[in-house]
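Data file: start_29.csv. Format and content: CSV, C-alpha atoms.
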```
chain,number,residue,atom,x,y,z
N,6,MET,CA,2.1,18.6,-20.4
N,7,LEU,CA,2.5,14.8,-20.6
N,8,THR,CA,-0.5,12.7,-19.8
N,9,LEU,CA,-0.4,9.0,-19.0
N,10,ASN,CA,-3.5,7.8,-20.9
N,11,ASP,CA,-5.2,4.5,-20.4
N,12,ALA,CA,-8.0,5.8,-18.2
N,13,GLU,CA,-10.2,2.7,-18.2
N,14,ARG,CA,-7.4,0.7,-16.4
N,15,LEU,CA,-6.0,3.6,-14.2
N,16,ASN,CA,-3.2,4.3,-16.7
N,17,PRO,CA,-1.0,1.3,-16.0
N,18,LEU,CA,2.6,1.4,-17.3
N,19,SER,CA,2.4,-1.2,-20.0
N,20,ASP,CA,5.4,-1.8,-22.3
N,21,ASP,CA,4.0,0.5,-24.9
N,22,MET,CA,3.2,3.2,-22.4
N,23,ARG,CA,6.8,3.0,-21.0
N,24,GLN,CA,8.3,3.5,-24.4
N,25,ALA,CA,5.9,6.3,-25.4
N,26,PHE,CA,6.3,8.1,-22.1
N,27,LEU,CA,10.1,8.0,-22.3
N,28,ALA,CA,10.0,9.3,-25.9
N,29,ALA,CA,7.7,12.1,-25.0
N,30,LEU,CA,9.7,13.1,-22.0
N,31,GLU,CA,13.0,13.1,-23.9
N,32,ALA,CA,11.4,15.3,-26.6
N,33,ALA,CA,10.0,17.7,-24.1
N,34,MET,CA,13.4,18.0,-22.3
N,35,THR,CA,15.2,18.9,-25.6
N,36,ASP,CA,12.6,21.2,-27.0
N,37,GLU,CA,13.8,24.8,-26.4
N,38,ALA,CA,10.2,26.1,-26.5
N,39,VAL,CA,9.4,24.0,-23.4
N,40,ARG,CA,10.3,25.7,-20.1
N,41,SER,CA,8.8,23.2,-17.7
N,42,ILE,CA,6.9,19.9,-17.8
N,43,VAL,CA,3.7,18.9,-16.1
N,44,LEU,CA,3.1,15.2,-15.6
N,45,THR,CA,-0.4,14.0,-15.1
N,46,GLY,CA,-2.8,11.1,-15.8
N,47,ALA,CA,-6.1,10.8,-17.6
N,48,GLY,CA,-9.5,10.0,-16.2
N,49,GLY,CA,-9.0,11.2,-12.7
N,50,ASN,CA,-6.0,9.0,-11.8
N,51,PHE,CA,-2.2,9.4,-12.1
N,52,THR,CA,-1.2,5.8,-12.6
N,53,ALA,CA,-1.7,2.5,-10.8
N,54,GLY,CA,1.9,1.5,-11.6
N,55,ALA,CA,2.9,-1.6,-13.4
N,56,ASP,CA,0.5,-3.4,-15.8
N,57,ILE,CA,0.0,-6.5,-13.8
N,58,ARG,CA,-1.3,-8.4,-16.8
N,59,GLN,CA,2.2,-8.2,-18.3
N,60,LEU,CA,3.8,-9.6,-15.2
N,61,MET,CA,1.9,-12.9,-15.6
N,62,LEU,CA,3.5,-14.5,-18.7
N,63,ALA,CA,3.4,-18.0,-19.9
N,64,GLY,CA,6.7,-19.8,-19.4
N,65,GLY,CA,7.4,-18.4,-16.0
N,66,PRO,CA,9.8,-15.7,-14.8
N,67,ASP,CA,12.2,-14.0,-17.3
N,68,PRO,CA,14.9,-11.9,-15.6
N,69,ALA,CA,16.1,-10.6,-18.9
N,70,ARG,CA,12.7,-9.3,-19.8
N,71,SER,CA,12.3,-7.8,-16.4
N,72,ARG,CA,15.5,-5.8,-17.0
N,73,ARG,CA,14.4,-4.7,-20.4
N,74,ARG,CA,11.0,-3.5,-19.0
N,75,LEU,CA,12.8,-1.5,-16.2
N,76,THR,CA,15.2,0.3,-18.5
N,77,PRO,CA,12.8,2.9,-20.0
N,78,LEU,CA,11.4,3.6,-16.5
N,79,HIS,CA,14.9,4.1,-15.1
N,80,ARG,CA,15.8,6.5,-17.9
N,81,ALA,CA,12.5,8.4,-17.4
N,82,VAL,CA,13.3,8.8,-13.6
N,83,GLU,CA,16.8,10.0,-14.4
N,84,ILE,CA,15.4,12.6,-16.7
N,85,ILE,CA,12.6,13.7,-14.3
N,86,ALA,CA,15.1,14.1,-11.4
N,87,GLY,CA,18.2,15.4,-13.2
N,88,GLY,CA,17.0,16.8,-16.5
N,89,PRO,CA,17.4,20.5,-17.2
N,90,LYS,CA,13.7,21.5,-16.8
N,91,PRO,CA,11.4,21.5,-13.8
N,92,VAL,CA,8.9,18.7,-13.7
N,93,ILE,CA,5.7,19.1,-11.8
N,94,ALA,CA,3.4,16.2,-10.9
N,95,ALA,CA,-0.3,16.9,-11.0
N,96,VAL,CA,-1.8,13.9,-9.1
N,97,GLU,CA,-5.5,12.9,-8.9
N,98,GLY,CA,-6.7,9.5,-7.7
N,99,ALA,CA,-4.3,6.6,-7.6
N,100,ALA,CA,-0.5,7.1,-7.7
N,101,PHE,CA,0.8,3.6,-6.8
N,102,GLY,CA,4.0,1.8,-7.5
N,103,ALA,CA,6.0,3.5,-10.2
N,104,GLY,CA,3.4,6.3,-10.0
N,105,LEU,CA,4.7,7.1,-6.5
N,106,SER,CA,8.3,6.8,-7.8
N,107,PHE,CA,7.6,9.3,-10.6
N,108,ALA,CA,5.9,11.8,-8.3
N,109,SER,CA,8.7,11.5,-5.7
N,110,ALA,CA,11.3,12.3,-8.3
N,111,CYS,CA,9.5,15.4,-9.5
N,112,ASP,CA,10.5,18.9,-8.5
N,113,PHE,CA,7.1,19.7,-7.2
N,114,VAL,CA,4.0,17.6,-6.4
N,115,ILE,CA,0.5,18.9,-6.4
N,116,ALA,CA,-2.4,16.6,-5.5
N,117,GLY,CA,-6.1,16.8,-5.4
N,118,GLU,CA,-8.0,15.8,-2.2
N,119,GLY,CA,-8.8,12.2,-2.6
N,120,ALA,CA,-5.5,11.2,-4.1
N,121,ARG,CA,-3.8,8.1,-2.8
N,122,PHE,CA,-0.2,7.0,-2.8
N,123,GLY,CA,1.3,3.6,-2.2
N,124,ALA,CA,4.3,1.4,-2.7
N,125,ALA,CA,3.0,-2.2,-2.4
N,126,PHE,CA,5.9,-3.8,-4.3
N,127,GLY,CA,6.5,-6.2,-1.4
N,128,LYS,CA,3.0,-7.5,-1.6
N,129,ILE,CA,3.9,-9.1,-4.9
N,130,GLY,CA,7.3,-10.1,-3.8
N,131,LEU,CA,9.3,-7.3,-5.5
N,132,THR,CA,11.5,-4.5,-4.3
N,133,ALA,CA,10.5,-0.8,-4.7
N,134,ASP,CA,11.7,0.3,-8.1
N,135,CYS,CA,12.2,3.4,-10.3
N,136,GLY,CA,14.5,4.9,-7.7
N,137,LEU,CA,12.0,5.1,-4.9
N,138,VAL,CA,14.5,4.1,-2.2
N,139,TRP,CA,16.5,7.2,-3.3
N,140,SER,CA,13.7,9.7,-3.8
N,141,LEU,CA,11.1,8.9,-1.1
N,142,PRO,CA,13.5,9.3,1.9
N,143,GLN,CA,14.5,12.7,0.6
N,144,ARG,CA,10.8,13.7,0.8
N,145,VAL,CA,9.7,12.0,4.0
N,146,GLY,CA,12.8,10.8,5.8
N,147,ARG,CA,14.2,7.3,6.0
N,148,THR,CA,11.9,6.0,8.8
N,149,LEU,CA,8.7,7.0,7.1
N,150,ALA,CA,10.0,5.8,3.8
N,151,ARG,CA,10.7,2.4,5.2
N,152,ASP,CA,7.2,2.2,6.8
N,153,ILE,CA,5.5,3.1,3.6
N,154,MET,CA,7.5,0.6,1.6
N,155,PHE,CA,7.6,-2.2,4.2
N,156,THR,CA,3.8,-2.1,4.9
N,157,GLY,CA,2.6,-1.2,1.4
N,158,ARG,CA,-0.1,0.8,3.0
N,159,PRO,CA,-2.0,3.5,1.0
N,160,VAL,CA,-1.2,7.0,2.0
N,161,LYS,CA,-4.1,9.4,1.6
N,162,ALA,CA,-3.6,12.9,0.2
N,163,GLU,CA,-3.9,14.7,3.6
N,164,GLU,CA,-1.2,12.5,5.2
N,165,ALA,CA,0.9,12.7,2.0
N,166,HIS,CA,0.8,16.5,2.2
N,167,ARG,CA,1.6,16.5,5.9
N,168,ILE,CA,4.7,14.2,5.6
N,169,GLY,CA,6.1,15.7,2.4
N,170,ILE,CA,5.1,13.4,-0.5
N,171,VAL,CA,2.8,16.2,-1.7
N,172,ASP,CA,4.0,19.8,-1.8
N,173,MET,CA,0.6,21.4,-2.4
N,174,LEU,CA,-2.9,20.0,-1.7
N,175,VAL,CA,-5.8,21.4,-3.7
N,176,PRO,CA,-9.5,20.5,-4.0
N,177,ALA,CA,-10.2,17.3,-6.0
N,178,GLY,CA,-10.0,18.0,-9.7
N,179,GLY,CA,-7.8,21.1,-9.3
N,180,ALA,CA,-4.3,19.5,-9.5
N,181,LEU,CA,-3.7,20.2,-13.2
N,182,SER,CA,-4.8,23.8,-13.1
N,183,ALA,CA,-2.6,24.4,-10.0
N,184,ALA,CA,0.4,22.6,-11.7
N,185,LEU,CA,0.1,24.8,-14.8
N,186,THR,CA,0.1,27.9,-12.6
N,187,LYS,CA,3.2,26.6,-10.8
N,188,ALA,CA,4.8,26.0,-14.2
N,189,ALA,CA,4.2,29.6,-15.1
N,190,ASP,CA,5.9,30.7,-11.9
N,191,TYR,CA,9.1,29.0,-13.0
N,192,ARG,CA,9.3,31.2,-16.2
N,193,GLY,CA,10.7,34.0,-14.2
N,194,ILE,CA,14.0,32.1,-13.6
N,195,ALA,CA,16.7,31.6,-16.3
N,196,PRO,CA,16.4,28.1,-17.8
N,197,LEU,CA,20.2,27.4,-17.6
N,198,ALA,CA,20.2,28.4,-13.9
N,199,ILE,CA,17.4,25.9,-13.2
N,200,ALA,CA,19.3,23.3,-15.1
N,201,ALA,CA,22.4,23.9,-13.1
N,202,MET,CA,20.5,23.7,-9.8
N,203,LYS,CA,18.7,20.5,-10.8
N,204,SER,CA,22.0,19.0,-11.7
N,205,ALA,CA,23.3,19.9,-8.2
N,206,PHE,CA,20.2,18.5,-6.5
N,207,VAL,CA,20.4,15.1,-8.2
N,208,ARG,CA,24.0,14.7,-7.1
N,209,GLY,CA,22.6,14.2,-3.6
N,210,PRO,CA,23.4,16.0,-0.3
N,211,GLY,CA,27.1,15.1,-0.3
N,212,SER,CA,29.4,17.3,1.7
N,213,LEU,CA,29.7,21.1,1.8
N,214,ASN,CA,33.0,20.9,-0.1
N,215,ASP,CA,31.3,18.9,-2.9
N,216,ALA,CA,28.6,21.5,-3.2
N,217,LEU,CA,31.1,24.4,-3.3
N,218,ALA,CA,33.2,22.5,-5.9
N,219,PHE,CA,30.2,22.1,-8.1
N,220,GLU,CA,29.3,25.8,-7.7
N,221,ILE,CA,32.7,26.9,-8.8
N,222,GLN,CA,32.4,24.8,-11.9
N,223,GLN,CA,28.9,26.0,-12.8
N,224,GLN,CA,28.8,29.7,-11.8
N,225,PRO,CA,31.6,31.0,-14.0
N,226,MET,CA,30.0,29.4,-17.0
N,227,LEU,CA,26.6,30.8,-16.2
N,228,SER,CA,28.1,34.3,-15.8
N,229,MET,CA,28.9,34.1,-19.5
N,230,THR,CA,25.4,33.5,-20.7
N,231,SER,CA,23.0,35.9,-22.4
N,232,ASP,CA,20.4,35.1,-19.8
N,233,HIS,CA,22.7,36.4,-17.0
N,234,ALA,CA,23.3,39.7,-18.9
N,235,GLU,CA,19.5,40.0,-19.5
N,236,GLY,CA,18.8,39.3,-15.8
N,237,VAL,CA,21.2,42.0,-14.7
N,238,ALA,CA,19.9,44.5,-17.3
N,239,ALA,CA,16.3,43.8,-16.2
N,240,PHE,CA,17.2,44.3,-12.6
N,241,ARG,CA,18.8,47.7,-13.3
N,242,GLU,CA,15.9,48.7,-15.5
N,243,LYS,CA,13.3,47.6,-13.1
N,244,ARG,CA,11.5,45.3,-15.6
N,245,GLN,CA,10.6,41.6,-16.0
N,246,ALA,CA,13.5,39.7,-17.5
N,247,ILE,CA,13.0,37.8,-20.8
N,248,PHE,CA,15.0,34.6,-20.7
N,249,THR,CA,15.8,32.5,-23.7
N,250,GLY,CA,17.9,29.7,-22.3
N,251,HIS,CA,21.2,30.9,-23.9
```

Go ahead and express the file in the form of structure tokens.
Amino acid sequence: MLTLNDAERLNPLSDDMRQAFLAALEAAMTDEAVRSIVLTGAGGNFTAGADIRQLMLAGGPDPARSRRRLTPLHRAVEIIAGGPKPVIAAVEGAAFGAGLSFASACDFVIAGEGARFGAAFGKIGLTADCGLVWSLPQRVGRTLARDIMFTGRPVKAEEAHRIGIVDMLVPAGGALSAALTKAADYRGIAPLAIAAMKSAFVRGPGSLNDALAFEIQQQPMLSMTSDHAEGVAAFREKRQAIFTGH
């Protein structure tokens, strides 16, 4: 479980938070003992997004610094969306800006009643970032994604669930527990199989031929794994498979 933790200020993504989050995410993705990742926030909020105090610097705009600050967030989104392990967002309270981007890139989003999502980038003269123009339309469709980003309006949990930002809605305060239960559900699937499917999903819808070509590359390799042999044996023996990621 990875927790964004600066609760007094709604867990804003300061420069230090960005670097620490990326390091923790990379470590979790490469740790063989970790089968899935739950992303949450401390103090009853997910994250309010960018640390606005760090946007207001003496000396005026600095495009080079802006690029440097985006780099760890971009890498984090790439890992969330395309990394080999499932990532589940457990959202309570505010999930604004990059918080919505992170959630939208996750494999499954669970929110507590009372959660709020928003993309008010345009209200401070900026474009949506952290891949939101890629991830949000996949969840809600292009028209709704445009409306959410063009208006910057907050989307309450009930609407977010209805339109597809949220995959499961639970009572307030219950998102983390539900996310941990969902993470346990994924343990019944071979890790290398999940990694292959995530790699296919992140390539985008593409054409049928693209999908078939990717399958013919991945499936023969997976057929050689110990997990495949274990899965077949467990099926024959009518028992739960024990997968190791090899």

Task: Exercise: range 76-92 of chain N partners within 6 Å, only C-alpha atoms, chain neighbours under 5 positions left out, as a VMD selection string - done: chain N and resid 27 41 to 43 110 to 112 135 200 203 to 204 207

Task: Nearest residue to Arg73 in chain N from the set N:Arg23, N:Ile194, N:Leu174, N:Phe101 (distances using only C-alpha atoms) - done: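 Of all the options, N:Arg23 lies closest to Arg73 in chain N.
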
Open item on the list: Please report the interatomic distance between CA of Gly157 in chain N and CA of Ser140 in chain N in Å with one decimal.
Closed with: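 Between CA of Gly157 in chain N and CA of Ser140 in chain N the gap is 16.4 Å.
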
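If you look at CA of Met173 in chain N and CA of Val114 in chain N, they are 6.5 Å away from each other.
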
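The interatomic distance for the pair CA of Phe219 in chain N and CA of Leu44 in chain N works out to 29.0 Å.
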
Save range 47-72 of chain N to disk from that block, N, CA and C atoms included, as a tab-separated table (two decimals), in the first residue's frame.
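See decode09.tsv below for the written result:
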```tsv
chain	number	residue	atom	x	y	z
N	47	ALA	N	-3.72	10.00	2.91
N	47	ALA	CA	-3.89	10.07	4.37
N	47	ALA	C	-4.96	11.10	4.74
N	48	GLY	N	-5.52	10.92	5.93
N	48	GLY	CA	-6.39	11.93	6.51
N	48	GLY	C	-7.73	12.13	5.85
N	49	GLY	N	-8.23	11.10	5.15
N	49	GLY	CA	-9.56	11.21	4.56
N	49	GLY	C	-9.61	11.91	3.22
N	50	ASN	N	-8.44	12.11	2.59
N	50	ASN	CA	-8.39	12.67	1.23
N	50	ASN	C	-7.37	11.90	0.41
N	51	PHE	N	-7.62	11.86	-0.90
N	51	PHE	CA	-6.68	11.23	-1.83
N	51	PHE	C	-5.53	12.21	-2.07
N	52	THR	N	-5.74	13.18	-2.92
N	52	THR	CA	-4.80	14.29	-3.08
N	52	THR	C	-5.50	15.45	-3.77
N	53	ALA	N	-5.14	16.65	-3.35
N	53	ALA	CA	-5.68	17.86	-3.97
N	53	ALA	C	-4.95	18.23	-5.24
N	54	GLY	N	-3.96	17.43	-5.62
N	54	GLY	CA	-3.21	17.72	-6.85
N	54	GLY	C	-1.95	18.51	-6.57
N	55	ALA	N	-1.60	19.39	-7.48
N	55	ALA	CA	-0.34	20.14	-7.38
N	55	ALA	C	-0.30	20.98	-6.11
N	56	ASP	N	0.89	21.17	-5.60
N	56	ASP	CA	1.12	22.07	-4.47
N	56	ASP	C	1.18	23.49	-5.03
N	57	ILE	N	0.07	24.22	-4.89
N	57	ILE	CA	-0.04	25.54	-5.50
N	57	ILE	C	1.05	26.49	-5.01
N	58	ARG	N	1.49	26.33	-3.78
N	58	ARG	CA	2.54	27.21	-3.26
N	58	ARG	C	3.81	27.12	-4.09
N	59	GLN	N	4.06	25.95	-4.66
N	59	GLN	CA	5.28	25.77	-5.45
N	59	GLN	C	5.12	26.24	-6.89
N	60	LEU	N	3.90	26.63	-7.25
N	60	LEU	CA	3.68	27.23	-8.57
N	60	LEU	C	3.96	28.74	-8.55
N	61	MET	N	3.94	29.33	-7.37
N	61	MET	CA	4.08	30.79	-7.24
N	61	MET	C	5.51	31.11	-6.80
N	62	LEU	N	6.42	31.17	-7.76
N	62	LEU	CA	7.83	31.38	-7.46
N	62	LEU	C	8.25	32.81	-7.79
N	63	ALA	N	9.16	33.31	-6.98
N	63	ALA	CA	9.77	34.61	-7.30
N	63	ALA	C	10.55	34.48	-8.60
N	64	GLY	N	10.49	35.52	-9.41
N	64	GLY	CA	11.22	35.51	-10.67
N	64	GLY	C	10.38	35.12	-11.86
N	65	GLY	N	9.12	34.75	-11.61
N	65	GLY	CA	8.22	34.49	-12.73
N	65	GLY	C	8.29	33.07	-13.26
N	66	PRO	N	7.62	32.82	-14.39
N	66	PRO	CA	7.52	31.47	-14.95
N	66	PRO	C	8.89	30.90	-15.30
N	67	ASP	N	9.01	29.58	-15.19
N	67	ASP	CA	10.25	28.88	-15.51
N	67	ASP	C	9.89	27.58	-16.22
N	68	PRO	N	9.82	27.61	-17.57
N	68	PRO	CA	9.41	26.41	-18.31
N	68	PRO	C	10.29	25.20	-18.02
N	69	ALA	N	11.58	25.41	-17.83
N	69	ALA	CA	12.48	24.28	-17.57
N	69	ALA	C	12.11	23.62	-16.24
N	70	ARG	N	11.80	24.43	-15.24
N	70	ARG	CA	11.42	23.86	-13.95
N	70	ARG	C	10.09	23.13	-14.07
N	71	SER	N	9.17	23.67	-14.85
N	71	SER	CA	7.88	23.02	-15.06
N	71	SER	C	8.09	21.63	-15.65
N	72	ARG	N	8.99	21.51	-16.62
N	72	ARG	CA	9.27	20.20	-17.22
N	72	ARG	C	9.88	19.25	-16.19
```
